[in-house]
Amino acid sequence: MAELIRPGERDEDRHDRTRLVPWVDFGRIDSAKVLVVGAGALGNEAVKDLALFGFHHLDVLDMDSVVRSNLSRCVLFREGDQSSGKGKASLVAERARELDPELQVTAIEGRVQSLGPEEMKRYDIILGCLDNVTARLHMNANAYHARVPYVDGGTDGFRGRVQAVVPPMTPCLQCGMNRSHFRILERRFSCTGQDTVFYQPKRAAEITTTSIIAAVQVREAVKILSGRPAISHVMHYDGVAGTSEVLALDIDPGCPNHALAKLS
Amino acid sequence: MVVRVRVRNAETGATVDMELEMENTVEEIIEGVSAYWEKDPGAYVIRKGRRLLRGQQKVQELEIQANEELELIPDPEGGNR
């Protein structure tokens with residue numbers, strides 16, 4: 001018996017146009033469990049893109065609450081959220097469900113350091129939408145040991161970067177770090193002799209670069225889950241020049257993540 | 001043996017020439033040019049062509065030609081505020 005169709009029925013499928021991209025593995029996208037770490041500027045954009053793309057299983061982790069200066073970059077926050085008493089992760093989860101009622105999204109109000117390799121093994125991919133080297137190093141190392149792909153984004157004004165780490169093949173974040181990164185750690189936790197000074201600089205941030213970097217993170221997640229190669233290895237974006245370049249990086253033979261991975 | 005390279009500041013387009021010993025590391029290049037340009041505290045990386053150089057790599061490993069250009073790029077770490 002011939003298949004029955006109706007005029008216009010394709011327009012009832014919210015993902016019909018995305019399904020026309022031939023290489024996207026929609027079955028994998030639909031079933032994949034994704035962790036978004038950070039529900040601030042990049043996290044808002046990433047969750048919005050994941051929800052619209054057709055992902056259906058998200059966890060969002062953040063320990064912070066909204067302040068009014070977040071509103072210029074966070075598409076899922078609203079005026080008044082800063083006094084709602086709700087955390088960023090809960091608000092992002094709530095608003096993401098408005099984008100797609102079929103989305104199963106769980107807010108985790110907690111610290112990045114609460115996640116170890118065992119927790120990370122629950123996920124098919126992790127997106128890092130963070131704002132400091134300490135949290136990045138934690139996610140990078142634990143995701144690497146859990147053998148879960150980790151796509152990290154970072155911004156500073158009109159500049160941004162995305163690195164896709166696919167264990168065990170690619171270099172990790174730590175492979176590309178040098179003393180200038182570790183100096184930031186020293187400033188962040190500098191010891192005065194009497195107590196620890198917590199240094200959190202205010203960085204330039206704006207929505208156009210945030211959107212681009214988060215979009216690239218989600219696109220890399222789609223590629224990895226669809227079995228396509230990720231960028232090799234770090235994309236640097238310069239919004240003023242209007243350029244982006246993917247630069248290669250070698251695995252650091254002294255990187256503890258790769259040394260431990262060989263042993264395990 | 002000494003090799004002279006040119007380092008470009010990706011943020012301003014400015015360049016500076018630097019004399020390097022074979023034992024110098026990429027981290028030392030970053031520190032040298034950051035101090036010269038009085039860069040804000042922050043993370044930086046150096047690229048050579050389409051490759052990012054690792055901090056502990058020595059000049060002798062980099063196959064740098066005389067007067068070759070390297071570029072100092074900020075490595076953004078914000079995004080959650």
# chains A, B, ... in the order shown; residues from 1 in each chain; ligands from 1
>>> residues_around(residues="Ala32 (chain A)", least_positions_apart="6", cutoff="9 Å", atoms="only C-alpha atoms", output="list in words")
Phe55, His56, His57, Leu58, Tyr123, Asp124, Ile125 and Leu225 of chain A
>>> write_last_selection(atoms="C-alpha atoms", output="PDB file, in the first residue's frame")
ATOM      1  CA  PHE A  55      18.835  18.216  20.976  1.00  0.00           C
ATOM      2  CA  HIS A  56      16.441  16.827  23.581  1.00  0.00           C
ATOM      3  CA  HIS A  57      18.519  15.867  26.623  1.00  0.00           C
ATOM      4  CA  LEU A  58      20.458  18.659  28.330  1.00  0.00           C
ATOM      5  CA  TYR A 123      27.269  12.488  28.835  1.00  0.00           C
ATOM      6  CA  ASP A 124      27.894  12.086  25.120  1.00  0.00           C
ATOM      7  CA  ILE A 125      29.431  15.537  24.839  1.00  0.00           C
ATOM      8  CA  LEU A 225      28.083  13.413  17.277  1.00  0.00           C
TER       9      LEU A 225
END
>>> closest_atom_pairs(of="chain A", to="chain B", cutoff="7 Å", atoms="only C-alpha atoms", output="Markdown table")
| residue | atom | partner | partner_atom | distance |
| --- | --- | --- | --- | --- |
| A:Gly38 | CA | B:Asn80 | CA | 6.0 |
| A:Ala39 | CA | B:Asn80 | CA | 6.7 |
| A:Gly40 | CA | B:Asn80 | CA | 4.2 |
| A:Ala41 | CA | B:Asn80 | CA | 5.2 |
| A:Leu42 | CA | B:Gly79 | CA | 5.4 |
| A:Asn70 | CA | B:Arg81 | CA | 6.3 |
| A:Cys129 | CA | B:Asn80 | CA | 6.1 |
| A:Leu130 | CA | B:Asn80 | CA | 5.0 |
| A:Asp131 | CA | B:Gly78 | CA | 4.0 |
| A:Asn132 | CA | B:Glu77 | CA | 5.7 |
| A:Val133 | CA | B:Glu77 | CA | 6.7 |
| A:Gly154 | CA | B:Glu77 | CA | 4.8 |
| A:Thr155 | CA | B:Gly78 | CA | 4.8 |
| A:Asp156 | CA | B:Pro76 | CA | 5.1 |
| A:Arg159 | CA | B:Pro76 | CA | 6.8 |
| A:Gly160 | CA | B:Pro76 | CA | 5.7 |
| A:Arg161 | CA | B:Pro76 | CA | 6.4 |
| A:Gly176 | CA | B:Arg54 | CA | 5.7 |
| A:Met177 | CA | B:Gly55 | CA | 6.8 |
| A:Asn178 | CA | B:Gly55 | CA | 4.7 |
| A:Arg179 | CA | B:Glu27 | CA | 6.5 |
| A:Ser180 | CA | B:Ala43 | CA | 4.8 |
| A:His181 | CA | B:Ala43 | CA | 4.8 |
| A:Ile184 | CA | B:Gly42 | CA | 6.4 |
| A:Arg203 | CA | B:Gly78 | CA | 6.8 |
| A:Leu247 | CA | B:Arg50 | CA | 5.0 |
| A:Ala248 | CA | B:Arg51 | CA | 4.7 |
| A:Leu249 | CA | B:Leu52 | CA | 5.3 |
>>> write_last_selection(atoms="C-alpha atoms", output="mmCIF file, in the first residue's frame")
data_model
loop_
_atom_site.group_PDB
_atom_site.id
_atom_site.type_symbol
_atom_site.label_atom_id
_atom_site.label_comp_id
_atom_site.auth_asym_id
_atom_site.auth_seq_id
_atom_site.Cartn_x
_atom_site.Cartn_y
_atom_site.Cartn_z
ATOM 1 C CA GLY A 38 28.136 27.591 32.638
ATOM 2 C CA ALA A 39 24.759 29.276 32.154
ATOM 3 C CA GLY A 40 26.019 32.795 31.541
ATOM 4 C CA ALA A 41 26.588 34.500 28.204
ATOM 5 C CA LEU A 42 27.998 31.562 26.224
ATOM 6 C CA ASN A 70 24.122 39.897 32.272
ATOM 7 C CA CYS A 129 30.955 27.946 28.622
ATOM 8 C CA LEU A 130 33.188 29.136 31.440
ATOM 9 C CA ASP A 131 35.068 32.258 32.422
ATOM 10 C CA ASN A 132 38.234 31.116 34.141
ATOM 11 C CA VAL A 133 41.258 28.910 33.672
ATOM 12 C CA GLY A 154 36.061 31.624 25.440
ATOM 13 C CA THR A 155 35.551 35.310 24.662
ATOM 14 C CA ASP A 156 37.182 38.628 25.420
ATOM 15 C CA ARG A 159 37.859 38.089 20.269
ATOM 16 C CA GLY A 160 36.986 34.480 20.865
ATOM 17 C CA ARG A 161 38.267 30.954 20.680
ATOM 18 C CA GLY A 176 48.048 24.737 24.629
ATOM 19 C CA MET A 177 48.487 26.536 27.939
ATOM 20 C CA ASN A 178 51.657 28.294 29.031
ATOM 21 C CA ARG A 179 52.927 30.395 31.936
ATOM 22 C CA SER A 180 50.662 33.317 30.981
ATOM 23 C CA HIS A 181 47.629 31.114 31.713
ATOM 24 C CA ILE A 184 46.155 34.173 35.884
ATOM 25 C CA ARG A 203 36.310 41.513 31.136
ATOM 26 C CA LEU A 247 45.247 26.684 14.119
ATOM 27 C CA ALA A 248 46.864 23.316 14.668
ATOM 28 C CA LEU A 249 48.273 22.344 18.055
#
>>> atom_distance(atom1="CA of Tyr150 (chain A)", atom2="CA of Lys86 (chain A)")
27.4 Å
>>> atom_distance(atom1="CA of Ile231 (chain A)", atom2="CA of Ala164 (chain A)")
6.5 Å
>>> atom_distance(atom1="CA of Asp59 (chain A)", atom2="CA of Glu119 (chain A)")
11.6 Å
>>> select_by_dssp(residues="region 1-240 of chain A", states="strand (DSSP E)", output="ChimeraX atom specification")
/A:33-37,57-62,104-109,125-128,150-156,159-165,189-191,196-198,234-238
